[in-house]
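Enquirer: The following file, target_10.csv, comprises CSV, C-alpha atoms:
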```csv
chain,number,residue,atom,x,y,z
F,10,MET,CA,0.0,0.0,0.0
F,11,ALA,CA,1.3,3.5,-0.9
F,12,LEU,CA,2.4,5.5,2.1
F,13,ALA,CA,0.0,8.2,3.3
F,14,PRO,CA,-1.2,9.7,6.6
F,15,ARG,CA,-3.8,7.3,7.8
F,16,CYS,CA,-5.1,5.7,11.0
F,17,SER,CA,-2.7,2.9,11.9
F,18,PHE,CA,-5.6,0.6,13.0
F,19,CYS,CA,-8.3,1.0,10.3
F,20,GLY,CA,-6.6,2.9,7.5
F,21,THR,CA,-9.0,5.9,7.3
F,22,GLN,CA,-7.5,9.3,6.5
F,23,LYS,CA,-10.1,11.3,8.3
F,24,HIS,CA,-10.2,12.9,11.8
F,25,LEU,CA,-6.6,11.8,12.7
F,26,SER,CA,-4.7,12.6,15.9
F,27,ARG,CA,-1.2,11.7,17.0
F,28,CYS,CA,0.1,9.2,19.6
F,29,GLY,CA,1.3,11.5,22.4
F,30,VAL,CA,4.5,9.4,22.9
F,31,CYS,CA,6.1,8.6,19.6
F,32,LYS,CA,4.3,11.5,17.8
F,33,VAL,CA,4.5,9.7,14.4
F,34,THR,CA,1.5,7.3,14.7
F,35,LEU,CA,-2.0,8.5,13.8
F,36,TYR,CA,-5.4,7.3,15.0
F,37,CYS,CA,-8.9,8.3,14.0
F,38,SER,CA,-10.3,7.6,17.5
F,39,ARG,CA,-9.3,6.8,21.1
F,40,ASP,CA,-10.9,3.3,20.7
F,41,HIS,CA,-8.6,2.5,17.8
F,42,GLN,CA,-5.6,3.7,19.7
F,43,VAL,CA,-6.4,1.4,22.6
F,44,SER,CA,-7.1,-1.5,20.2
F,45,ASP,CA,-3.7,-1.0,18.6
F,46,ARG,CA,-1.7,-0.6,21.8
F,47,GLY,CA,-0.4,-4.2,22.0
F,48,ARG,CA,1.1,-4.0,18.5
F,49,HIS,CA,2.3,-0.4,18.8
F,50,ALA,CA,3.7,-0.3,22.3
F,51,PRO,CA,7.2,-1.9,21.7
F,52,ASP,CA,8.0,0.4,18.8
F,53,CYS,CA,6.6,3.4,20.6
F,54,LYS,CA,8.7,2.7,23.7
F,55,ALA,CA,11.8,2.3,21.6
F,56,VAL,CA,11.2,5.7,20.0
F,57,LYS,CA,10.8,7.3,23.4
F,58,ARG,CA,13.9,5.7,24.8
F,59,THR,CA,16.2,6.6,21.8
F,60,ARG,CA,14.8,10.1,21.6
F,61,HIS,CA,15.7,10.7,25.2
F,62,LEU,CA,19.3,9.5,24.6
F,63,PHE,CA,19.5,11.6,21.5
F,64,GLU,CA,18.3,14.7,23.3
F,65,GLN,CA,20.8,14.1,26.1
F,66,GLU,CA,23.7,13.8,23.7
F,67,GLU,CA,22.6,16.9,21.8
F,68,GLN,CA,22.5,18.9,25.0
F,69,LYS,CA,26.1,17.8,25.8
F,70,VAL,CA,27.3,19.0,22.5
F,71,ARG,CA,25.5,22.4,22.8
F,72,ASP,CA,27.0,22.8,26.3
F,73,GLU,CA,30.5,21.9,25.1
F,74,PRO,CA,32.9,24.7,26.4
F,75,GLY,CA,35.6,23.7,24.0
F,76,ASP,CA,39.3,23.0,24.7
F,77,GLY,CA,40.7,25.5,22.2
F,78,PHE,CA,42.4,22.7,20.3
F,79,PHE,CA,40.6,19.5,19.4
F,80,THR,CA,37.0,20.4,20.3
F,81,PRO,CA,35.4,23.8,19.6
F,82,ALA,CA,32.8,25.4,21.8
F,83,ASN,CA,29.2,24.5,20.7
F,84,PRO,CA,30.0,22.8,17.4
F,85,PHE,CA,26.4,23.5,16.2
F,86,GLU,CA,27.5,27.1,15.8
F,87,THR,CA,31.1,26.7,14.9
F,88,SER,CA,31.6,23.4,13.1
F,89,VAL,CA,28.6,22.7,10.8
F,90,GLY,CA,29.8,20.4,8.0
F,91,HIS,CA,32.6,18.8,10.0
F,92,PHE,CA,30.9,17.0,12.9
F,93,TRP,CA,32.5,13.6,12.4
F,94,GLY,CA,35.9,15.2,12.6
F,95,ILE,CA,35.2,16.2,16.2
F,96,MET,CA,35.4,13.2,18.5
F,97,ASP,CA,33.0,14.6,21.1
F,98,THR,CA,30.2,14.8,18.5
F,99,ARG,CA,30.3,11.2,17.5
F,100,ASP,CA,28.1,9.9,20.4
F,101,TYR,CA,25.6,12.5,19.4
F,102,MET,CA,25.6,11.4,15.8
F,103,ARG,CA,25.3,7.7,16.7
F,104,ALA,CA,22.4,8.5,19.2
F,105,ARG,CA,20.6,10.5,16.5
F,106,TYR,CA,21.0,7.7,14.0
F,107,ALA,CA,19.6,5.2,16.6
F,108,TYR,CA,16.6,7.4,17.1
F,109,VAL,CA,16.0,7.5,13.3
F,110,SER,CA,16.3,3.7,13.2
F,111,ALA,CA,13.7,3.4,15.9
F,112,ILE,CA,11.4,5.9,14.1
F,113,LEU,CA,11.6,3.9,10.9
F,114,GLU,CA,10.3,0.7,12.7
F,115,ILE,CA,7.0,2.6,12.8
F,116,LYS,CA,6.0,2.4,9.2
F,117,THR,CA,3.9,5.5,8.9
F,118,PHE,CA,4.0,8.5,6.6
F,119,ASP,CA,4.9,10.8,9.6
F,120,ALA,CA,7.6,8.5,10.8
F,121,VAL,CA,9.3,8.4,7.4
F,122,ASP,CA,8.9,12.2,7.0
F,123,LEU,CA,10.5,12.8,10.4
F,124,ALA,CA,13.3,10.3,9.7
F,125,ALA,CA,14.1,12.0,6.4
F,126,SER,CA,14.3,15.4,8.1
F,127,HIS,CA,16.7,14.1,10.7
F,128,LEU,CA,18.9,12.4,8.1
F,129,ARG,CA,19.1,15.4,5.9
F,130,ASP,CA,20.2,17.5,8.9
F,131,MET,CA,22.8,15.0,9.8
F,132,ILE,CA,24.3,15.3,6.3
F,133,HIS,CA,24.2,19.0,6.7
F,134,LEU,CA,26.2,18.7,10.0
F,135,ASN,CA,28.6,16.2,8.5
F,136,ARG,CA,29.2,16.7,4.8
F,137,SER,CA,31.5,13.7,4.5
F,138,ASP,CA,28.7,11.4,5.7
F,139,ASN,CA,30.9,8.9,7.4
F,140,MET,CA,27.8,7.1,8.6
F,141,GLY,CA,26.4,6.4,5.1
F,142,VAL,CA,23.2,8.4,5.6
F,143,ARG,CA,23.2,9.0,1.8
F,144,ASP,CA,22.4,5.4,1.2
F,145,LEU,CA,19.1,5.7,3.0
F,146,LEU,CA,17.7,9.1,2.1
F,147,PRO,CA,16.7,8.5,-1.6
F,148,THR,CA,14.4,5.6,-0.7
F,149,LEU,CA,12.7,7.6,2.1
F,150,TYR,CA,12.1,10.4,-0.5
F,151,LEU,CA,10.5,7.9,-2.8
F,152,ARG,CA,8.3,6.6,0.0
F,153,LEU,CA,7.1,10.1,0.7
F,154,GLY,CA,6.3,10.8,-3.0
F,155,ARG,CA,9.2,13.3,-3.2
F,156,ASP,CA,10.5,11.7,-6.4
F,157,GLN,CA,12.3,14.7,-7.8
F,158,GLU,CA,14.2,15.2,-4.6
F,159,ALA,CA,15.2,11.6,-4.7
F,160,TYR,CA,16.6,11.9,-8.2
F,161,ASP,CA,18.4,15.2,-7.4
F,162,PHE,CA,20.0,13.6,-4.4
F,163,ILE,CA,21.1,10.5,-6.3
F,164,LYS,CA,22.6,12.6,-9.1
F,165,TRP,CA,24.5,15.0,-6.8
F,166,TRP,CA,26.2,12.3,-4.8
F,167,GLN,CA,27.2,10.4,-8.0
F,168,LYS,CA,28.5,13.7,-9.4
F,169,VAL,CA,30.7,14.1,-6.3
F,170,GLU,CA,32.1,10.6,-6.7
F,171,ASN,CA,32.7,11.1,-10.4
F,172,GLU,CA,34.5,14.4,-9.7
F,173,SER,CA,37.0,13.1,-7.2
F,174,THR,CA,39.3,16.2,-7.6
F,175,LEU,CA,36.9,18.3,-5.5
F,176,ASP,CA,36.6,17.8,-1.7
F,177,TYR,CA,33.0,18.8,-1.0
F,178,SER,CA,33.3,17.6,2.6
F,179,ASP,CA,36.3,19.7,3.6
F,180,ASP,CA,35.6,22.9,1.7
F,181,VAL,CA,32.2,24.2,3.0
F,182,ASN,CA,32.4,27.0,0.4
F,183,LEU,CA,31.7,24.5,-2.4
F,184,PRO,CA,28.1,24.1,-3.4
F,185,TYR,CA,26.4,21.2,-1.5
F,186,LEU,CA,23.4,19.2,-2.7
F,187,ASP,CA,22.7,22.0,-5.1
F,188,ILE,CA,21.2,20.0,-8.0
F,189,VAL,CA,17.6,20.9,-8.4
F,190,ASP,CA,15.0,19.7,-10.9
F,191,ALA,CA,17.5,17.5,-12.8
F,192,ASP,CA,16.1,15.6,-15.8
F,193,VAL,CA,14.9,12.3,-14.5
F,194,PHE,CA,14.2,11.1,-18.0
F,195,GLU,CA,17.9,11.4,-19.0
F,196,PRO,CA,19.9,8.1,-19.6
F,197,PRO,CA,21.5,6.7,-16.4
F,198,ASP,CA,24.9,6.3,-18.0
F,199,TYR,CA,26.6,8.3,-15.2
F,200,LEU,CA,25.6,5.6,-12.7
F,201,CYS,CA,26.6,2.6,-14.7
F,202,GLY,CA,30.3,2.8,-14.6
F,203,GLN,CA,33.0,0.3,-13.7
F,204,PHE,CA,32.2,0.4,-10.0
F,205,PRO,CA,28.5,1.2,-9.6
F,206,ASP,CA,27.0,2.2,-6.2
F,207,LEU,CA,24.4,-0.4,-5.2
F,208,SER,CA,22.1,1.7,-3.1
F,209,ARG,CA,21.8,4.6,-5.7
F,210,THR,CA,21.4,2.2,-8.6
F,211,VAL,CA,18.6,0.3,-6.8
F,212,SER,CA,16.9,3.5,-5.9
F,213,LEU,CA,17.0,4.9,-9.4
F,214,THR,CA,15.8,1.6,-10.8
F,215,LEU,CA,12.7,1.8,-8.5
F,216,LEU,CA,12.1,5.4,-9.6
F,217,LYS,CA,12.3,4.5,-13.3
F,218,ILE,CA,9.9,1.6,-12.7
F,219,LYS,CA,7.5,3.9,-11.0
F,220,LEU,CA,7.6,6.4,-13.9
F,221,LEU,CA,7.3,3.7,-16.5
F,222,MET,CA,4.2,2.2,-14.8
F,223,ASP,CA,2.6,5.7,-14.7
F,224,ILE,CA,3.4,6.3,-18.4
F,225,LYS,CA,2.0,2.9,-19.4
F,226,ALA,CA,-1.2,3.6,-17.4
F,227,LEU,CA,-1.6,6.9,-19.2
F,228,GLN,CA,-1.1,5.2,-22.5
F,229,HIS,CA,-3.7,2.6,-21.7
F,230,CYS,CA,-6.1,5.3,-20.5
F,231,VAL,CA,-5.8,7.2,-23.8
F,232,TRP,CA,-6.4,4.1,-25.8
F,233,ALA,CA,-9.4,3.1,-23.8
F,234,LEU,CA,-11.1,6.5,-23.8
F,235,GLU,CA,-10.3,7.3,-27.4
F,236,GLU,CA,-11.9,4.0,-28.4
F,237,ARG,CA,-15.1,5.3,-26.8
F,238,LYS,CA,-14.6,8.5,-28.8
F,239,LEU,CA,-14.7,10.8,-25.7
F,240,PRO,CA,-13.7,14.5,-26.2
F,241,ARG,CA,-10.1,15.4,-25.6
F,242,GLU,CA,-11.0,17.6,-22.7
F,243,ILE,CA,-12.6,14.7,-20.9
F,244,ILE,CA,-9.6,12.4,-21.6
F,245,ASP,CA,-7.2,15.0,-20.2
F,246,ARG,CA,-9.3,15.5,-17.1
F,247,VAL,CA,-9.4,11.7,-16.4
F,248,LYS,CA,-5.6,11.4,-17.0
F,249,TYR,CA,-4.8,13.7,-14.1
F,250,PHE,CA,-6.1,11.0,-11.7
F,251,ILE,CA,-3.8,8.3,-13.0
F,252,PRO,CA,-0.1,9.1,-12.2
F,253,THR,CA,1.3,8.3,-8.8
F,254,SER,CA,4.5,10.3,-9.3
F,255,PRO,CA,4.5,14.1,-8.9
F,256,ILE,CA,7.1,14.2,-11.6
F,257,ILE,CA,4.5,13.0,-14.1
F,258,GLN,CA,1.6,14.9,-12.5
F,259,LYS,CA,3.4,18.3,-12.8
F,260,ASN,CA,4.8,17.8,-16.3
F,261,ASN,CA,2.2,19.3,-18.7
F,262,GLY,CA,4.2,18.1,-21.7
F,263,ILE,CA,3.7,14.5,-20.7
F,264,MET,CA,0.1,14.9,-19.3
F,265,HIS,CA,-1.2,16.3,-22.6
F,266,LYS,CA,0.5,13.7,-24.9
F,267,ARG,CA,-1.5,11.1,-26.9
F,268,ASP,CA,1.3,8.7,-27.9
F,269,TYR,CA,3.7,7.6,-25.2
F,270,THR,CA,5.5,4.9,-27.2
F,271,ARG,CA,8.8,6.8,-27.5
F,272,LEU,CA,8.9,7.7,-23.8
F,273,ILE,CA,8.0,4.1,-22.8
F,274,ILE,CA,10.8,2.7,-25.0
F,275,ASN,CA,13.3,5.1,-23.5
F,276,LEU,CA,12.4,4.1,-20.0
F,277,TYR,CA,12.8,0.5,-20.9
F,278,LEU,CA,16.2,1.2,-22.3
F,279,HIS,CA,17.2,2.9,-19.1
F,280,LEU,CA,16.1,-0.1,-17.1
F,281,ASP,CA,18.0,-2.3,-19.5
F,282,GLN,CA,21.1,-0.5,-18.2
F,283,LEU,CA,20.2,-0.3,-14.5
F,284,ILE,CA,19.0,-3.8,-13.8
F,285,PRO,CA,22.3,-5.5,-15.0
F,286,THR,CA,24.2,-2.7,-13.3
F,287,VAL,CA,22.6,-3.8,-10.0
F,288,ILE,CA,23.8,-7.3,-10.7
F,289,LYS,CA,27.3,-6.0,-11.4
F,290,ALA,CA,27.3,-4.1,-8.2
F,291,ASN,CA,26.0,-7.0,-6.1
F,292,PRO,CA,24.9,-10.4,-7.6
F,293,HIS,CA,22.9,-11.3,-4.5
F,294,PHE,CA,20.5,-8.3,-4.5
F,295,TRP,CA,17.6,-9.2,-6.9
F,296,ARG,CA,17.2,-12.7,-5.5
F,297,ALA,CA,17.1,-11.2,-2.0
F,298,LEU,CA,14.6,-8.5,-3.0
F,299,LEU,CA,12.2,-11.1,-4.4
F,300,ARG,CA,12.8,-13.6,-1.5
F,301,PRO,CA,14.0,-11.6,1.4
F,302,GLY,CA,13.6,-14.2,4.1
F,303,PRO,CA,16.0,-13.7,7.0
F,304,HIS,CA,17.9,-10.9,5.3
F,305,LEU,CA,15.6,-8.2,6.5
F,306,GLU,CA,16.4,-9.1,10.1
F,307,ALA,CA,20.2,-9.6,9.7
F,308,ARG,CA,22.6,-7.3,11.5
F,309,PRO,CA,25.9,-7.5,9.6
F,310,GLN,CA,28.9,-6.2,11.5
F,311,TYR,CA,30.9,-5.4,8.4
F,312,LEU,CA,30.5,-5.3,4.6
F,313,SER,CA,32.4,-5.1,1.4
F,314,SER,CA,31.3,-4.3,-2.2
F,315,GLY,CA,29.4,-7.2,-3.7
F,316,SER,CA,29.0,-9.1,-0.4
F,317,ILE,CA,25.9,-10.6,1.1
F,318,GLU,CA,26.3,-8.1,4.0
F,319,GLU,CA,26.2,-5.2,1.6
F,320,MET,CA,23.1,-6.6,0.0
F,321,GLN,CA,21.5,-7.0,3.5
F,322,CYS,CA,22.1,-3.4,4.4
F,323,THR,CA,20.8,-2.1,1.1
F,324,LEU,CA,17.8,-4.4,1.2
F,325,GLN,CA,16.8,-3.2,4.7
F,326,HIS,CA,17.1,0.4,3.5
F,327,CYS,CA,15.0,0.0,0.4
F,328,TYR,CA,12.6,-2.9,0.9
F,329,ASP,CA,9.7,-0.8,2.3
F,330,ALA,CA,10.0,1.6,-0.7
F,331,TRP,CA,9.6,-1.4,-3.1
F,332,ASP,CA,6.8,-2.9,-1.1
F,333,GLU,CA,4.9,0.4,-1.1
F,334,THR,CA,5.2,0.9,-4.9
F,335,PRO,CA,2.3,-1.1,-6.4
F,336,GLY,CA,3.5,-3.5,-9.1
F,337,ALA,CA,7.2,-3.0,-8.5
F,338,PHE,CA,7.9,-6.6,-7.4
F,339,ASP,CA,5.9,-8.1,-10.3
F,340,PHE,CA,7.7,-5.8,-12.7
F,341,ILE,CA,11.2,-6.8,-11.6
F,342,LYS,CA,10.3,-10.5,-11.6
F,343,ALA,CA,9.3,-10.2,-15.2
F,344,GLU,CA,12.4,-8.1,-16.1
F,345,ILE,CA,14.8,-10.5,-14.5
F,346,LYS,CA,13.3,-13.3,-16.6
F,347,ASN,CA,13.5,-11.2,-19.7
F,348,PHE,CA,17.2,-10.5,-19.1
F,349,ARG,CA,17.8,-14.3,-18.6
F,350,CYS,CA,20.0,-13.6,-15.6
F,351,SER,CA,20.0,-17.3,-14.6
F,352,ASP,CA,23.7,-17.1,-13.9
F,353,HIS,CA,23.0,-14.8,-11.0
F,354,GLN,CA,19.5,-15.8,-9.8
F,355,GLU,CA,16.4,-17.6,-11.1
F,356,THR,CA,12.8,-16.4,-10.7
F,357,ASP,CA,9.5,-17.6,-11.9
F,358,SER,CA,7.3,-15.0,-13.6
F,359,ASP,CA,5.0,-14.3,-16.5
F,360,GLU,CA,6.0,-12.2,-19.4
F,361,LEU,CA,5.3,-8.5,-19.4
F,362,ASP,CA,1.8,-7.5,-20.5
F,363,PHE,CA,3.2,-4.6,-22.5
F,364,ARG,CA,6.8,-4.3,-23.6
F,365,PRO,CA,7.5,-2.3,-26.8
F,366,PRO,CA,9.4,-4.1,-29.6
F,367,ARG,CA,13.2,-3.6,-29.5
F,368,ASP,CA,15.7,-2.9,-32.2
F,369,ASP,CA,19.5,-2.3,-32.1
F,370,SER,CA,19.2,1.4,-32.6
F,371,ASP,CA,20.5,4.0,-30.2
F,372,GLU,CA,18.2,5.5,-27.6
F,373,LEU,CA,15.6,7.8,-29.1
F,374,ASP,CA,16.2,11.5,-28.5
F,375,SER,CA,14.6,12.8,-25.4
F,376,ASP,CA,13.4,16.3,-24.6
F,377,SER,CA,14.7,17.4,-21.2
F,378,THR,CA,11.5,19.0,-20.1
F,379,THR,CA,8.8,16.8,-21.6
F,380,GLY,CA,10.5,13.5,-21.9
F,381,TYR,CA,9.9,13.2,-25.7
```
Go ahead and render the structure in this file as structure tokens.
Expert:
Amino acid sequence: MALAPRCSFCGTQKHLSRCGVCKVTLYCSRDHQVSDRGRHAPDCKAVKRTRHLFEQEEQKVRDEPGDGFFTPANPFETSVGHFWGIMDTRDYMRARYAYVSAILEIKTFDAVDLAASHLRDMIHLNRSDNMGVRDLLPTLYLRLGRDQEAYDFIKWWQKVENESTLDYSDDVNLPYLDIVDADVFEPPDYLCGQFPDLSRTVSLTLLKIKLLMDIKALQHCVWALEERKLPREIIDRVKYFIPTSPIIQKNNGIMHKRDYTRLIINLYLHLDQLIPTVIKANPHFWRALLRPGPHLEARPQYLSSGSIEEMQCTLQHCYDAWDETPGAFDFIKAEIKNFRCSDHQETDSDELDFRPPRDDSDELDSDSTTGY
């Protein structure tokens, strides 16, 4: 089910109020809150406990007098961007991350929104991101429907890694996370290099799937309504209720199209790059996504590129985003079969219900604003 503010007991989106303890769980009535108490209580208590520890550590950092050498006074005022380089801030950063982890056990819209806010601020405080926060944020943005922010974030971090001559973490005068409204319909070549990043490639794959399913739904809508000979104005009005991604909803060039074939083909071509790139980054990932089993509960102590432990960490970061995207699992099952990736993993699935014919030509030209 797509994430949205709703009662955690019955699912209604009306007359909601917050749990007074965790503050991220909503209920439509006192009765439903009481009925849900047994399920909610353990996670609620964990949020309360970790929030208390986080607030204690924050106060310690704010009260820090400084030693004039290793630790500055009140790093929140004097050392924004360099927190991990100050030993006395590390307990605070760890406590804040533990609080975020506890929040995310409560799978509500408000919980994900609050977690994303904390993680974004942690990156602001520590630009080098020694804790790997950047691996988690894109999927949280996708869960919140902030698809453009997810793409801008993915592209900026990949740009940083591709431009290794610039030290964005050390020089706070360099622009930081300054990519805005990048073209999500551009080819993903910049992610598909010799050493691809697993978390970013998986996140972009999910975003492209989400866009593709929206575009295919629009195309089927046009075909069905034109067959009934409905006026264009009526068709356009109906189409605005179809997309799930704000990227599509806000793009008038896409919303007013009649033929989406070229855009659909281009998105399939992008996925033809991304899905094998995920396999290249970590051959265990697709099998685990489709059959997660114990991997969602694993607690790896270390990881390396391409390892099972890396797969487990990435899977735990992104699984809810895939689960909350209708049709995403079925799509990837079909695509893995189409790619005949049996050397890496085998899955049982039916063929796609709509996949445009392929040829050996280069990708069709794509307009950066409209996607065609």
Enquirer: Please return, as a ChimeraX atom specification, all polymer residues that have at least one atom within 10 Å of the point (24.5, 6.0, 7.5); use only C-alpha atoms and the file's own coordinate frame.
Expert: /F:102-103,106,128,131-132,138-146
Enquirer: For the residues in the current selection, export C-alpha atoms as a CSV table (one decimal), keeping the file's coordinate frame.
Expert:
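The result, stored in again_25.csv:
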```csv
chain,number,residue,atom,x,y,z
F,102,MET,CA,25.6,11.4,15.8
F,103,ARG,CA,25.3,7.7,16.7
F,106,TYR,CA,21.0,7.7,14.0
F,128,LEU,CA,18.9,12.4,8.1
F,131,MET,CA,22.8,15.0,9.8
F,132,ILE,CA,24.3,15.3,6.3
F,138,ASP,CA,28.7,11.4,5.7
F,139,ASN,CA,30.9,8.9,7.4
F,140,MET,CA,27.8,7.1,8.6
F,141,GLY,CA,26.4,6.4,5.1
F,142,VAL,CA,23.2,8.4,5.6
F,143,ARG,CA,23.2,9.0,1.8
F,144,ASP,CA,22.4,5.4,1.2
F,145,LEU,CA,19.1,5.7,3.0
F,146,LEU,CA,17.7,9.1,2.1
```
Enquirer: Dump as a list in words all residues having an atom at most 6 Å from (11.7, 7.6, 17.4), computed in the file's coordinates with only C-alpha atoms.
Expert: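 These residues have at least one counted atom within 6 Å: Val56, Arg60, Tyr108, Val109, Ala111 and Ile112 of chain F.
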Enquirer: Let me see the file: selected residues, C-alpha atoms, as a PDB file, in the frame of the given file.
Expert:
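Saved the output as again02.pdb:
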```
ATOM      1  CA  VAL F  56      11.200   5.700  20.000  1.00  0.00           C
ATOM      2  CA  ARG F  60      14.800  10.100  21.600  1.00  0.00           C
ATOM      3  CA  TYR F 108      16.600   7.400  17.100  1.00  0.00           C
ATOM      4  CA  VAL F 109      16.000   7.500  13.300  1.00  0.00           C
ATOM      5  CA  ALA F 111      13.700   3.400  15.900  1.00  0.00           C
ATOM      6  CA  ILE F 112      11.400   5.900  14.100  1.00  0.00           C
TER       7      ILE F 112
END
```
Enquirer: With all atoms listed in the file counted and 8 Å as the cut-off, give the residues of range 241-357 of chain F in contact with range 212-236 of chain F, each with its shortest interatomic distance in Å and the pair that gives it, as a tab-separated table.
Expert:
```
residue	atom	partner	partner_atom	distance
F:Ile244	CA	F:Leu234	CA	6.5
F:Lys248	CA	F:Leu227	CA	6.4
F:Ile251	CA	F:Leu227	CA	6.7
F:Pro252	CA	F:Asp223	CA	5.0
F:Thr253	CA	F:Asp223	CA	6.6
F:Ser254	CA	F:Leu220	CA	6.8
F:Ile257	CA	F:Leu220	CA	7.3
F:Arg267	CA	F:Val231	CA	6.6
F:Asp268	CA	F:Gln228	CA	6.9
F:Tyr269	CA	F:Gln228	CA	6.0
F:Leu272	CA	F:Ile224	CA	7.8
F:Ile273	CA	F:Leu221	CA	6.4
F:Leu276	CA	F:Leu221	CA	6.2
F:Tyr277	CA	F:Leu221	CA	7.7
F:His279	CA	F:Lys217	CA	7.8
F:Leu280	CA	F:Thr214	CA	6.5
F:Leu283	CA	F:Thr214	CA	6.1
F:Ile284	CA	F:Thr214	CA	7.0
F:Cys327	CA	F:Ser212	CA	7.5
F:Trp331	CA	F:Leu215	CA	7.0
F:Thr334	CA	F:Lys219	CA	7.2
F:Ala337	CA	F:Ile218	CA	6.8
F:Phe340	CA	F:Ile218	CA	7.7
```
Enquirer: Report, in Å to a single decimal, how far apart CA of Thr59 in chain F and CA of Cys37 in chain F are.
Expert: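 One can read the CA of Cys37 in chain F to CA of Thr59 in chain F distance as 26.3 Å.
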Enquirer: Any idea what the distance is between CA of Glu158 in chain F and CA of Pro285 in chain F?
Expert: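 Computed distance, CA of Glu158 in chain F to CA of Pro285 in chain F, equals 24.5 Å.
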Enquirer: Kindly add N, CA, C and O atoms to the incomplete range 122-134 of chain F and provide the output as a CSV table (one decimal), keeping the file's coordinate frame.
Expert:
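Once everything was written out, this is rebuild.csv:
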```
chain,number,residue,atom,x,y,z
F,122,ASP,N,8.7,10.8,7.2
F,122,ASP,CA,8.9,12.2,7.0
F,122,ASP,C,9.9,12.7,8.1
F,122,ASP,O,10.8,13.5,7.8
F,123,LEU,N,9.7,12.4,9.3
F,123,LEU,CA,10.5,12.8,10.4
F,123,LEU,C,11.9,12.2,10.3
F,123,LEU,O,12.9,12.9,10.5
F,124,ALA,N,12.0,11.0,9.9
F,124,ALA,CA,13.3,10.3,9.7
F,124,ALA,C,14.1,11.0,8.6
F,124,ALA,O,15.3,11.3,8.7
F,125,ALA,N,13.4,11.3,7.5
F,125,ALA,CA,14.1,12.0,6.4
F,125,ALA,C,14.6,13.4,6.8
F,125,ALA,O,15.7,13.8,6.4
F,126,SER,N,13.8,14.1,7.6
F,126,SER,CA,14.3,15.4,8.1
F,126,SER,C,15.5,15.3,8.9
F,126,SER,O,16.5,16.1,8.8
F,127,HIS,N,15.5,14.3,9.8
F,127,HIS,CA,16.7,14.1,10.7
F,127,HIS,C,18.0,13.7,9.9
F,127,HIS,O,19.1,14.3,10.1
F,128,LEU,N,17.8,12.8,8.9
F,128,LEU,CA,18.9,12.4,8.1
F,128,LEU,C,19.5,13.5,7.3
F,128,LEU,O,20.7,13.6,7.1
F,129,ARG,N,18.6,14.3,6.7
F,129,ARG,CA,19.1,15.4,5.9
F,129,ARG,C,19.9,16.4,6.7
F,129,ARG,O,20.9,16.9,6.3
F,130,ASP,N,19.4,16.6,8.0
F,130,ASP,CA,20.2,17.5,8.9
F,130,ASP,C,21.5,16.9,9.3
F,130,ASP,O,22.5,17.6,9.4
F,131,MET,N,21.5,15.6,9.4
F,131,MET,CA,22.8,15.0,9.8
F,131,MET,C,23.8,15.1,8.7
F,131,MET,O,25.0,15.3,8.9
F,132,ILE,N,23.4,15.0,7.4
F,132,ILE,CA,24.3,15.3,6.3
F,132,ILE,C,24.8,16.7,6.3
F,132,ILE,O,25.9,17.0,6.0
F,133,HIS,N,23.9,17.6,6.6
F,133,HIS,CA,24.2,19.0,6.7
F,133,HIS,C,25.3,19.3,7.8
F,133,HIS,O,26.3,20.0,7.5
F,134,LEU,N,25.2,18.6,8.9
F,134,LEU,CA,26.2,18.7,10.0
F,134,LEU,C,27.5,18.0,9.6
F,134,LEU,O,28.6,18.5,10.0
```
